[in-house]
Each structure stands twice: as C-alpha cells, then as structure tokens.
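Okay, entry-v4.txt now, which holds compact mmCIF, C-alpha atoms and all ligand atoms:
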# COMPACT_ATOMS: atom_id res chain seq x y z
CA MET G 1 0.00 0.00 0.00
CA ASN G 2 1.15 3.51 -0.72
CA GLY G 3 2.06 5.02 2.64
CA MET G 4 0.43 8.34 1.74
CA GLN G 5 -3.03 6.82 1.42
CA GLY G 6 -5.43 4.56 3.28
CA ASP G 7 -6.09 4.32 6.98
CA ASP G 8 -2.77 3.18 8.34
CA THR G 9 -2.38 4.75 11.78
CA ARG G 10 1.08 3.37 12.53
CA ASP G 11 2.44 6.83 13.39
CA GLY G 12 -0.63 7.78 15.40
CA VAL G 13 -1.95 10.02 12.63
CA SER G 14 -4.22 8.63 9.95
CA ARG G 15 -3.22 9.37 6.38
CA ASP G 16 -6.23 11.60 5.84
CA MET G 17 -5.37 13.62 8.96
CA TYR G 18 -1.82 13.81 7.67
CA ALA G 19 -3.10 15.42 4.49
CA GLU G 20 -5.04 17.98 6.57
CA THR G 21 -2.24 18.77 9.00
CA ARG G 22 0.53 18.86 6.46
CA GLY G 23 0.38 22.62 6.14
CA ALA G 24 0.49 23.01 9.93
CA ALA G 25 3.60 20.88 10.09
CA SER G 26 5.42 23.27 7.83
CA SER G 27 7.34 26.10 9.44
CA ARG G 28 8.92 29.21 8.12
CA THR G 29 12.67 29.55 8.66
CA GLY G 30 14.71 32.31 7.10
CA GLY G 31 12.17 32.87 4.37
CA GLU G 32 12.07 29.15 3.41
CA THR G 33 9.14 26.89 3.96
CA ARG G 34 10.34 23.69 5.60
CA ASP G 35 8.22 20.62 6.06
CA THR G 36 9.52 19.49 9.45
CA ARG G 37 7.55 16.24 9.29
CA ARG G 38 9.21 15.38 6.03
CA GLU G 39 12.62 15.78 7.64
CA THR G 40 12.03 14.08 10.95
CA GLY G 41 9.11 11.73 10.60
CA SER G 42 9.74 9.56 7.56
CA ARG G 43 10.52 6.44 9.60
CA ALA G 44 7.35 6.80 11.59
CA ARG G 45 5.21 7.98 8.69
CA TRP G 46 5.87 5.16 6.24
CA PRO G 47 6.08 1.50 6.93
CA PHE G 48 9.63 1.13 5.72
CA PRO G 49 10.95 -2.33 6.60
CA GLU G 50 13.60 -2.59 9.29
CA LEU G 51 16.43 -3.89 7.14
CA ALA G 52 20.11 -4.47 7.55
CA PRO G 53 21.66 -4.74 4.08
CA ALA G 54 23.43 -8.04 3.50
CA VAL G 55 27.22 -7.98 3.80
CA HIS G 56 29.07 -9.02 0.63
CA GLY G 57 32.65 -9.79 -0.30
CA GLY G 58 34.48 -7.94 -3.04
CA VAL G 59 36.62 -4.83 -3.21
CA ASP G 60 35.23 -1.72 -1.49
CA GLU G 61 37.42 0.98 -3.04
CA GLY G 62 36.39 3.62 -0.49
CA GLU G 63 37.33 1.39 2.44
CA LEU G 64 40.72 0.51 0.94
CA ARG G 65 41.56 4.13 0.01
CA SER G 66 40.64 5.27 3.54
CA GLN G 67 43.34 2.86 4.77
CA GLY G 68 45.85 4.21 2.29
CA ILE G 69 45.66 1.07 0.14
CA ASP G 70 45.58 1.29 -3.65
CA PRO G 71 42.66 -0.95 -4.76
CA ALA G 72 44.52 -1.74 -8.00
CA ALA G 73 47.30 -3.37 -5.98
CA ILE G 74 44.93 -5.81 -4.26
CA VAL G 75 44.09 -9.33 -5.40
CA ASP G 76 40.51 -10.16 -4.51
CA PHE G 77 40.14 -13.61 -2.95
CA SER G 78 36.97 -12.54 -1.15
CA SER G 79 34.47 -12.84 -3.99
CA ASN G 80 33.82 -16.02 -5.89
CA GLN G 81 34.47 -15.28 -9.53
CA SER G 82 36.30 -16.80 -12.46
CA PRO G 83 40.06 -16.24 -12.20
CA LEU G 84 39.89 -15.74 -15.98
CA GLY G 85 37.44 -12.83 -15.90
CA ALA G 86 35.05 -12.03 -18.73
CA ALA G 87 35.70 -13.61 -22.14
CA PRO G 88 36.94 -11.20 -24.84
CA SER G 89 33.90 -12.25 -26.92
CA ALA G 90 31.64 -10.98 -24.12
CA ARG G 91 33.39 -7.61 -24.15
CA THR G 92 33.00 -7.36 -27.93
CA ALA G 93 29.34 -8.37 -27.80
CA ALA G 94 28.57 -5.89 -25.01
CA ALA G 95 30.38 -3.09 -26.86
CA GLY G 96 28.29 -3.80 -29.96
CA ALA G 97 24.93 -3.80 -28.16
CA VAL G 98 22.29 -1.25 -29.20
CA LEU G 99 22.24 1.45 -26.54
CA ASP G 100 19.52 3.75 -27.78
CA ALA G 101 16.62 1.32 -28.02
CA TYR G 102 14.94 -0.70 -25.31
CA PRO G 103 16.36 -4.21 -25.01
CA ASP G 104 14.09 -7.20 -25.53
CA ARG G 105 11.88 -7.04 -22.46
CA ASN G 106 12.17 -10.76 -21.69
CA ALA G 107 15.67 -11.32 -23.15
CA GLU G 108 14.07 -13.86 -25.46
CA GLY G 109 17.17 -14.71 -27.51
CA LEU G 110 19.21 -15.40 -24.40
CA VAL G 111 16.35 -17.27 -22.74
CA ALA G 112 15.97 -19.55 -25.79
CA ALA G 113 19.70 -20.34 -25.73
CA LEU G 114 19.63 -21.06 -21.99
CA ALA G 115 16.55 -23.27 -22.37
CA GLU G 116 18.25 -25.30 -25.08
CA ARG G 117 21.34 -25.68 -22.92
CA HIS G 118 19.31 -27.04 -20.01
CA GLY G 119 16.95 -29.16 -22.11
CA VAL G 120 13.82 -27.30 -20.98
CA ALA G 121 11.21 -25.18 -22.79
CA ALA G 122 11.89 -21.46 -23.20
CA GLU G 123 8.74 -20.71 -21.16
CA GLN G 124 10.48 -22.34 -18.18
CA VAL G 125 13.36 -19.84 -18.10
CA VAL G 126 13.31 -16.25 -16.77
CA ALA G 127 16.35 -13.98 -17.07
CA GLY G 128 17.21 -11.53 -14.30
CA ASN G 129 19.48 -8.60 -13.54
CA GLY G 130 21.72 -10.95 -11.59
CA SER G 131 20.16 -13.75 -9.57
CA THR G 132 19.83 -11.28 -6.69
CA GLU G 133 17.00 -9.55 -8.54
CA LEU G 134 15.25 -12.91 -8.90
CA ILE G 135 15.71 -13.69 -5.19
CA ARG G 136 13.84 -10.48 -4.34
CA LEU G 137 11.12 -11.19 -6.89
CA ILE G 138 10.59 -14.77 -5.78
CA ALA G 139 10.09 -13.62 -2.19
CA GLN G 140 7.74 -10.86 -3.35
CA ILE G 141 5.46 -13.09 -5.40
CA THR G 142 5.45 -16.09 -3.08
CA LEU G 143 5.32 -14.82 0.47
CA LEU G 144 2.39 -13.23 2.27
CA PRO G 145 2.96 -11.11 5.37
CA ASP G 146 3.75 -13.35 8.34
CA ASP G 147 4.49 -16.39 6.19
CA ALA G 148 7.70 -18.18 7.09
CA ALA G 149 10.62 -18.62 4.72
CA LEU G 150 13.25 -21.11 5.81
CA SER G 151 16.91 -21.16 4.92
CA LEU G 152 19.83 -23.36 5.74
CA ALA G 153 22.42 -21.40 7.68
CA PRO G 154 24.96 -19.96 7.48
CA SER G 155 24.09 -18.92 3.95
CA PHE G 156 23.78 -16.06 1.45
CA GLY G 157 22.49 -12.88 3.13
CA GLU G 158 20.11 -11.86 0.33
CA TYR G 159 17.64 -14.63 1.26
CA GLN G 160 16.98 -12.83 4.51
CA VAL G 161 16.74 -9.40 2.86
CA GLY G 162 14.30 -10.71 0.20
CA THR G 163 12.17 -12.40 2.84
CA ARG G 164 12.06 -9.33 5.06
CA LEU G 165 11.17 -7.07 2.11
CA ALA G 166 8.15 -9.31 1.57
CA ARG G 167 7.24 -8.71 5.26
CA ALA G 168 7.59 -12.41 5.93
CA ARG G 169 9.34 -14.26 8.76
CA PHE G 170 12.87 -15.47 8.13
CA GLU G 171 13.78 -18.75 9.84
CA GLU G 172 17.01 -20.70 9.74
CA VAL G 173 18.21 -24.23 10.33
CA ARG G 174 21.77 -23.78 11.44
CA LEU G 175 24.16 -26.49 10.33
CA GLU G 176 27.18 -27.26 12.43
CA PRO G 177 30.44 -28.78 11.21
CA ALA G 178 30.55 -32.57 11.30
CA ALA G 179 33.55 -34.90 11.32
CA ASP G 180 35.23 -35.21 7.92
CA VAL G 181 38.57 -36.98 7.88
CA SER G 182 39.38 -35.71 4.36
CA THR G 183 40.01 -32.14 5.61
CA SER G 184 42.82 -30.70 7.74
CA SER G 185 40.32 -29.45 10.30
CA GLY G 186 38.78 -32.91 10.41
CA ARG G 187 35.44 -31.16 9.91
CA SER G 188 33.06 -29.99 7.18
CA PHE G 189 29.67 -28.37 7.22
CA VAL G 190 27.27 -31.12 6.20
CA TYR G 191 23.62 -30.97 5.21
CA ASP G 192 21.43 -32.74 7.77
CA HIS G 193 18.21 -33.80 6.08
CA GLU G 194 16.45 -35.00 9.23
CA ARG G 195 16.89 -31.62 10.94
CA PHE G 196 15.89 -29.68 7.85
CA ALA G 197 12.79 -31.82 7.22
CA ALA G 198 11.79 -31.55 10.89
CA ALA G 199 12.04 -27.75 10.68
CA ILE G 200 9.88 -27.69 7.54
CA ALA G 201 7.30 -29.93 9.18
CA ARG G 202 7.20 -27.63 12.23
CA LEU G 203 7.30 -24.22 10.54
CA ARG G 204 5.41 -25.06 7.32
CA PRO G 205 7.33 -22.39 5.36
CA ARG G 206 5.85 -21.23 2.07
CA LEU G 207 9.39 -20.87 0.74
CA CYS G 208 12.68 -22.66 1.38
CA TRP G 209 16.01 -21.17 0.32
CA ILE G 210 18.57 -23.87 -0.45
CA CYS G 211 22.01 -22.89 -1.64
CA SER G 212 23.95 -25.88 -2.97
CA PRO G 213 26.91 -25.80 -2.90
CA ASN G 214 26.29 -23.41 -0.08
CA ASN G 215 27.90 -20.02 0.32
CA PRO G 216 30.04 -19.86 2.50
CA THR G 217 30.40 -23.48 3.65
CA GLY G 218 30.60 -25.28 0.28
CA ALA G 219 28.18 -27.96 1.58
CA VAL G 220 25.87 -29.67 -0.90
CA VAL G 221 22.31 -30.88 -0.51
CA PRO G 222 22.22 -34.41 -1.96
CA PRO G 223 19.75 -34.55 -4.91
CA ASP G 224 17.87 -37.48 -3.32
CA ASP G 225 17.26 -35.42 -0.18
CA LEU G 226 16.09 -32.48 -2.25
CA GLU G 227 13.64 -34.71 -4.08
CA ARG G 228 12.36 -36.12 -0.79
CA SER G 229 11.67 -32.58 0.41
CA LEU G 230 9.90 -31.68 -2.84
CA ARG G 231 7.65 -34.73 -2.52
CA ASP G 232 7.08 -34.54 1.24
CA PHE G 233 6.26 -30.81 1.27
CA PRO G 234 4.33 -30.02 -1.92
CA ASP G 235 3.00 -26.71 -0.51
CA THR G 236 6.49 -25.28 -0.07
CA LEU G 237 8.36 -23.71 -2.99
CA PHE G 238 12.01 -24.77 -2.84
CA VAL G 239 14.51 -22.36 -4.36
CA LEU G 240 17.70 -24.21 -5.27
CA ASP G 241 20.41 -21.58 -5.71
CA GLU G 242 23.11 -23.07 -7.95
CA ALA G 243 25.34 -20.00 -8.15
CA TYR G 244 28.32 -22.26 -7.33
CA CYS G 245 27.41 -25.57 -8.97
CA ASP G 246 30.16 -25.41 -11.63
CA LEU G 247 32.55 -27.78 -9.86
CA LEU G 248 29.95 -30.49 -9.22
CA SER G 249 30.31 -33.61 -11.32
CA GLY G 250 26.60 -34.45 -11.50
CA ALA G 251 23.32 -32.56 -11.92
CA GLN G 252 21.28 -31.67 -8.83
CA TRP G 253 17.91 -31.80 -10.63
CA THR G 254 16.25 -33.06 -13.80
CA SER G 255 13.23 -32.01 -15.89
CA ALA G 256 11.26 -34.59 -13.93
CA THR G 257 12.16 -32.84 -10.65
CA LEU G 258 10.96 -29.54 -12.11
CA ASP G 259 7.70 -31.26 -13.09
CA LEU G 260 6.95 -31.78 -9.39
CA GLY G 261 5.97 -28.10 -9.55
CA ASN G 262 7.58 -26.78 -6.36
CA LEU G 263 11.21 -26.37 -7.43
CA LEU G 264 12.77 -23.19 -8.78
CA VAL G 265 16.43 -23.31 -9.76
CA LEU G 266 18.56 -20.16 -9.74
CA ARG G 267 21.71 -19.74 -11.78
CA SER G 268 24.13 -16.81 -11.84
CA MET G 269 26.26 -15.79 -14.80
CA THR G 270 28.27 -13.35 -12.71
CA LYS G 271 30.56 -15.97 -11.17
CA LEU G 272 32.34 -18.43 -13.43
CA TRP G 273 31.04 -16.78 -16.59
CA GLY G 274 32.66 -13.54 -15.41
CA LEU G 275 29.77 -11.09 -15.91
CA ALA G 276 29.51 -9.58 -12.42
CA GLY G 277 29.73 -6.01 -13.72
CA LEU G 278 26.97 -6.54 -16.26
CA ARG G 279 24.64 -8.41 -13.84
CA LEU G 280 23.04 -11.54 -15.25
CA GLY G 281 21.26 -14.53 -13.78
CA TYR G 282 18.27 -16.74 -14.55
CA ALA G 283 15.62 -18.96 -13.05
CA ILE G 284 14.40 -22.34 -14.30
CA ALA G 285 11.12 -23.79 -13.07
CA ASN G 286 8.00 -25.46 -14.35
CA ALA G 287 6.00 -23.30 -16.75
CA GLY G 288 3.48 -22.09 -14.14
CA VAL G 289 6.08 -20.91 -11.61
CA ALA G 290 8.23 -19.35 -14.35
CA ASP G 291 5.22 -17.55 -15.77
CA ALA G 292 4.41 -15.99 -12.39
CA LEU G 293 8.00 -14.76 -12.11
CA ARG G 294 8.04 -13.40 -15.65
CA ARG G 295 4.83 -11.44 -15.09
CA ALA G 296 6.19 -9.92 -11.88
CA LYS G 297 9.60 -8.84 -13.08
CA PRO G 298 10.20 -5.36 -14.45
CA PRO G 299 10.22 -5.17 -18.24
CA TRP G 300 13.72 -4.72 -19.77
CA ASN G 301 15.29 -5.95 -16.53
CA VAL G 302 18.28 -7.38 -18.40
CA ASN G 303 20.05 -4.60 -20.26
CA ALA G 304 21.18 -4.89 -23.89
CA CYS G 305 24.88 -5.32 -23.04
CA ALA G 306 24.16 -8.12 -20.58
CA GLN G 307 21.87 -9.90 -23.07
CA ALA G 308 24.53 -9.72 -25.80
CA ALA G 309 27.39 -10.76 -23.51
CA GLY G 310 25.31 -13.58 -22.01
CA LEU G 311 24.69 -15.04 -25.46
CA ALA G 312 28.37 -14.67 -26.33
CA VAL G 313 29.70 -16.50 -23.26
CA LEU G 314 27.41 -19.45 -23.90
CA CYS G 315 29.77 -20.23 -26.79
CA GLU G 316 32.75 -20.20 -24.40
CA ASP G 317 32.47 -23.66 -22.87
CA ASP G 318 36.22 -24.29 -23.15
CA ARG G 319 37.00 -21.11 -21.25
CA HIS G 320 34.42 -22.07 -18.60
CA ALA G 321 36.03 -25.52 -18.30
CA ASP G 322 39.45 -23.84 -17.87
CA ALA G 323 38.04 -21.63 -15.12
CA VAL G 324 36.57 -24.68 -13.36
CA ASP G 325 39.92 -26.42 -13.62
CA LEU G 326 41.79 -23.40 -12.21
CA LEU G 327 39.37 -23.18 -9.30
CA ARG G 328 39.49 -26.89 -8.47
CA ARG G 329 43.29 -27.08 -8.58
CA GLY G 330 43.67 -23.71 -6.86
CA ARG G 331 41.29 -24.75 -4.06
CA ASP G 332 43.12 -28.01 -3.42
CA GLU G 333 46.59 -26.44 -3.52
CA LEU G 334 45.58 -23.52 -1.32
CA ALA G 335 43.81 -25.77 1.17
CA THR G 336 46.85 -28.03 1.48
CA ALA G 337 49.32 -25.13 1.83
CA ILE G 338 47.21 -23.16 4.32
CA ALA G 339 46.52 -26.28 6.37
CA ALA G 340 50.28 -26.96 6.44
CA LEU G 341 50.69 -23.53 8.07
CA GLY G 342 48.52 -24.76 10.92
CA PHE G 343 45.12 -23.31 10.00
CA PRO G 344 42.13 -25.66 10.13
CA VAL G 345 40.59 -25.77 6.65
CA PHE G 346 37.07 -26.95 5.82
CA GLY G 347 35.98 -29.18 2.93
CA SER G 348 33.98 -27.54 0.11
CA ALA G 349 32.28 -28.63 -3.11
CA ALA G 350 32.70 -25.10 -4.52
CA GLY G 351 35.86 -23.19 -5.41
CA PHE G 352 35.87 -21.18 -2.18
CA PHE G 353 36.44 -22.71 1.24
CA LEU G 354 36.46 -21.75 4.91
CA ILE G 355 39.52 -21.37 7.11
CA GLU G 356 39.48 -21.07 10.90
CA VAL G 357 41.72 -18.17 11.91
CA GLY G 358 40.40 -17.18 15.35
CA ASP G 359 40.17 -13.44 14.71
CA PRO G 360 38.92 -12.86 11.13
CA ALA G 361 39.15 -9.04 11.28
CA ALA G 362 42.81 -9.22 12.32
CA ALA G 363 43.49 -11.89 9.68
CA ARG G 364 41.90 -9.70 7.01
CA ARG G 365 44.12 -6.78 8.09
CA VAL G 366 47.31 -8.83 7.91
CA LEU G 367 46.37 -10.32 4.54
CA LEU G 368 45.53 -6.86 3.18
CA GLU G 369 49.05 -5.76 4.10
CA HIS G 370 50.17 -8.54 1.73
CA GLY G 371 47.87 -7.31 -1.04
CA CYS G 372 45.23 -10.00 -0.52
CA LEU G 373 41.55 -9.34 0.22
CA ILE G 374 39.80 -12.19 2.05
CA ARG G 375 36.24 -12.51 3.31
CA ASP G 376 35.69 -12.07 7.06
CA CYS G 377 32.82 -14.48 7.78
CA THR G 378 31.56 -12.83 10.98
CA SER G 379 28.46 -11.60 9.11
CA PHE G 380 27.61 -15.23 8.35
CA GLY G 381 27.61 -15.98 12.07
CA LEU G 382 31.07 -17.57 11.82
CA PRO G 383 33.16 -15.36 14.13
CA ASP G 384 36.32 -17.49 13.78
CA HIS G 385 36.37 -17.99 10.02
CA VAL G 386 37.42 -16.42 6.76
CA ARG G 387 36.55 -17.55 3.22
CA VAL G 388 38.87 -17.50 0.23
CA SER G 389 38.31 -18.25 -3.46
CA PRO G 390 41.30 -19.16 -5.66
CA ARG G 391 42.74 -16.91 -8.36
CA HIS G 392 45.61 -17.50 -10.80
CA PRO G 393 48.41 -19.79 -9.49
CA GLU G 394 50.93 -16.93 -9.02
CA GLN G 395 48.30 -14.89 -7.16
CA ASN G 396 47.50 -17.91 -5.00
CA ARG G 397 51.16 -18.01 -4.00
CA ARG G 398 50.81 -14.46 -2.72
CA LEU G 399 47.87 -15.61 -0.59
CA ILE G 400 49.93 -18.46 0.87
CA GLU G 401 52.69 -15.98 1.73
CA GLY G 402 50.08 -13.79 3.40
CA PHE G 403 48.85 -16.71 5.50
CA ALA G 404 52.45 -17.56 6.39
CA ALA G 405 52.85 -13.98 7.66
CA LEU G 406 49.58 -14.33 9.58
CA ALA G 407 50.80 -17.57 11.18
CA GLY G 408 54.03 -15.75 12.12
CA SER G 409 52.20 -12.79 13.64
CA MET G 410 49.91 -15.13 15.60
CA ARG G 411 52.90 -17.04 16.96
CA ALA G 412 54.60 -13.75 17.88
CA GLY G 413 51.40 -12.57 19.57
CA ALA G 414 51.16 -15.81 21.52
CA THR G 415 54.73 -15.57 22.79
CA SER G 416 54.92 -11.82 23.49
C1 LIG E 1 24.73 -17.99 -3.19
C2 LIG E 1 24.63 -16.78 -4.05
N1 LIG E 1 23.55 -16.63 -4.82
C3 LIG E 1 23.40 -15.56 -5.61
C4 LIG E 1 24.36 -14.57 -5.63
C5 LIG E 1 24.12 -13.35 -6.45
O1 LIG E 1 24.60 -13.49 -7.70
P1 LIG E 1 24.28 -12.42 -8.83
O2 LIG E 1 25.55 -11.69 -9.05
O3 LIG E 1 23.85 -13.27 -9.99
O4 LIG E 1 23.19 -11.53 -8.37
C6 LIG E 1 25.50 -14.68 -4.85
C7 LIG E 1 26.53 -13.62 -4.86
O5 LIG E 1 27.42 -13.55 -4.08
C8 LIG E 1 25.63 -15.82 -4.03
O6 LIG E 1 26.69 -15.97 -3.23
Translate the structure of the given file into structure tokens.
Amino acid sequence: MNGMQGDDTRDGVSRDMYAETRGAASSRTGGETRDTRRETGSRARWPFPELAPAVHGGVDEGELRSQGIDPAAIVDFSSNQSPLGAAPSARTAAAGAVLDAYPDRNAEGLVAALAERHGVAAEQVVAGNGSTELIRLIAQITLLPDDAALSLAPSFGEYQVGTRLARARFEEVRLEPAADVSTSSGRSFVYDHERFAAAIARLRPRLCWICSPNNPTGAVVPPDDLERSLRDFPDTLFVLDEAYCDLLSGAQWTSATLDLGNLLVLRSMTKLWGLAGLRLGYAIANAGVADALRRAKPPWNVNACAQAAGLAVLCEDDRHADAVDLLRRGRDELATAIAALGFPVFGSAAGFFLIEVGDPAAARRVLLEHGCLIRDCTSFGLPDHVRVSPRHPEQNRRLIEGFAALAGSMRAGATS
C-alpha cells in the first residue's frame, strides 16, 4: 500500500489527517518553507521495513583508500568469480549492443539459448538482472505477510533481505560442522536432512532457500534429499540456488524434478562466466512458476549489453572448463598449503572454502598488508572464520605468503 493513502495509523496520525495537518507541520525559517515532518518523521510515517543490508565480499574501493591502500594493488580472494574474468567475446558483444533502443523485455534470444542448454522449454526460463533480482522477486510473489521462509544457515544474506522485504518471517536451520577426515580441520559443514525436514514440518514455510553448494560453507544438498523434500512438502516452494554448482560432477535436478511443480532453480552468470559487472542470472522452473515470475519482473530488466554478452559466453564452454579447472586445482593447492601452516581448513564442493583463523578481522588486516583481500565471515555468524576463493596460481602463491605472515604474527602474539 502507498504510505500516503489509506487508513494506516502506525504513526498515530491517519493518512487523511496527515493530508489535513501537512500545512500546519510546515514552518517558516529564514524565508524558506520547511516541512519538518518530512525531515524528521519519515521512519514513523511510512512502513519502511527494518532492514540491515546483507554484507558481501568484493573490493570496497572507499574502504581501501581510507586505509591508504591502492585498490589496484589488491588481489581479490573474497568474492567467488572466475580467475579468468570475462571472455573477450563478451566484451566485444557488449560493446556492440544497441544502446539507444529498449532491449528485448524478456531477453528472449538469451532465454531460448539457456533453455536449449538445459533441455527445458523457453517458457520455463526467466532472465534476471543478476540472480539477486530474482531472489527479491521470488520472495515478493510467493510470500504473504507473516508467512515463514526457511533457509539453511549460514548462507547467502540476500535470502533474509528478500524475505524481510516481503514482510515475511525469516527462519534458519543452522548447520554445524561434522567430522570429515578428508580435511585438515577434520570437519566440514554437512547438510542434515532429518533436521531440515523436521524444521519444515514444524514451521510449514511457504518458501525454502537452499544454496547448494552453499555459500560460504561449500556444503551440498544431496539430490535425493532435495527430491524427498519436494515430494514430502508439496506446498512449499524450494529455491535451489546453484550459483556455485560449476565444480559439481553431476546434476542436482532433472526435468522430472521440475515437473513436481515446487522447485525453482537459480543460476548466476556473474561468477564463473565472469559477468559480475553486467549483472546476469536466470531462473528455471515449471512453466506455471516461471510464468508468475516473468509477469512480476520489471520489463527490460536485463540490459542490452548483458543480453549480448550472455549469449556470447554461452559459446565459451572451453573457457568455462578452464576456469573450473583453475578453481578446483587452486582450491586443493591452497587448502593443502594453508593447512600446512597450521590453519584448520574446511571441505567444500565449490571453489571457495572456509579457514578457521580465530580473529577474522585481524586476519583480514594482515592479509591486506600482503595485497590479498579475504572474506571475514563474521556476518555469516562464523566469528572465527574467513573464506577465500582461488585466483591464478601466481596470485594464489601471494595468498599463501600472506597466510604464512599471519601464522608468524599469531605465533609472535602468543609468545609476546
Ligand atoms: C549464493 C549466491 N547466490 C546468488 C548470488 C548473487 O549473484 P548475482 O551476481 O547473480 O546476483 C551470490 C553472490 O554472491 C551468491 O553468493
């Protein structure tokens, strides 16, 4: 509802009274008419949601400059992108896009190519301005005020923001690390189906956010468990966020799983396809769910450059495979080297992985001194951990040197 109309009395003044008293609330100061209510009362006057923006990785140029650090000298291990960056063909395609006409409002050419790639009908695919836009839209069209939306935790912060924007309740099933002998920490975050299913049965959420592999833990939800949830809870829409599925060897869903009618898959083209600056993502669902999303999204939500670059990178499978290879090898080499320095490292099915450092803010500071930006995971509710994502091999060596310096400074701190 528009906050200027109707009978909402949240601020103790009905909207109609507000219209009448608006003149009285204005005061004259130094010849200017000032609306004092406009300046002081906006929080009380409109039902703005109480929101804390999600924390994200990536380079914050202002923050670095304020610390006297040149952002250009920093290697970013904190965000999870392709070490190879955008393909030259994507740059050429974006540069050639038509700027002075509206783009196709549903990105139909790109959607058709994506549908063919996934073996689904074009009506089952919806393109978005990054998958973050689609997360917001899904929450908006699915949730009613006071509905519950359930997420595995720790996980991507935008699920909470999207849920709260829809005025719904955000609930979490927190997963704890379990024993895993294949990692130096001896632990990994593991999906626990019994706990998750019990929470769904208790809370009856209209929406479940499932990130697999999960950001930041790298844990996967086994496809059989996902299918059990889809069948056991047909009134819940499950959003499977596959932003980081590139390193998985098998598929997490099939057309038959989509046919169950309560699964929506999210993909991002900003990570391993290297289009973060252009913003591009998409949803795949059965035709009914996809249609609802398509009707709700803004027209022209994917700009002409992103549509052109998206189509171009779909012809870059070799480059994508190279990026996957770099990430897999980089993850394994980094994990081994950092573990050898004495830091407990966690297993991950994605390129990024978690490292226990004790004081993540201090670790981030030390690593920044070595030109490496890492992700402090405190905002995920992991006050002892940082997350890193591999880059090129020579850049990864710089990260290992940074961790060696961190180990040294921790030893010095312990003995001083
Ligand atoms: C799990 C997950 N999903 C979605 C996104 C958003 O991706 P996009 O850039 O496509 O909006 C991110 C970005 O960090 C993410 O970590």
* Asked: Please, which residues have at least one atom within 6 Å of an atom of ligand LIG 1 (chain E), using all atoms listed in the file, listed as a PyMOL selection string?
  -> chain G and resi 130-132+156+211+215+241+243+268-270+276+279-281
Please write out, as AutoDock Vina command-line options, where the centre of an axis-aligned box around all listed atoms of stretch 53-72 of chain G lies and how long its edges are, in Å to one decimal, after adding 5 Å on each side.
--center_x 33.8 --center_y -2.3 --center_z -1.6 --size_x 34.2 --size_y 25.1 --size_z 22.8
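Among the candidates G:Val120, G:Leu334, G:Ala283, G:Ala219, the residue lying nearest to G:Asp259 is G:Val120 (atoms considered: all atoms listed in the file).
Ranking G:Val126, G:Val59, G:Ala90, G:Ala179 by their shortest atom-to-atom distance to G:Arg295, with only C-alpha atoms included, puts G:Val126 first.
Taking all atoms listed in the file, the non-local environment of G:Glu356 within 6 Å (same-chain residues fewer than 5 positions away omitted) comprises Pro344, Asp384 and His385 of chain G.
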* Surrounding residues of G:Pro222 excluding itself and chain neighbours under 3 positions, 12 Å, all atoms listed in the file, as a PyMOL selection string -> chain G and resi 190-193+210-214+219+225-229+240+248+250-253+349
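All residues of protein, DNA or RNA that reach within 9 Å of G:Gly62, judged by all atoms listed in the file and not counting those fewer than 4 positions away in the chain, are G:Ser66, G:Gln67, G:Pro71.
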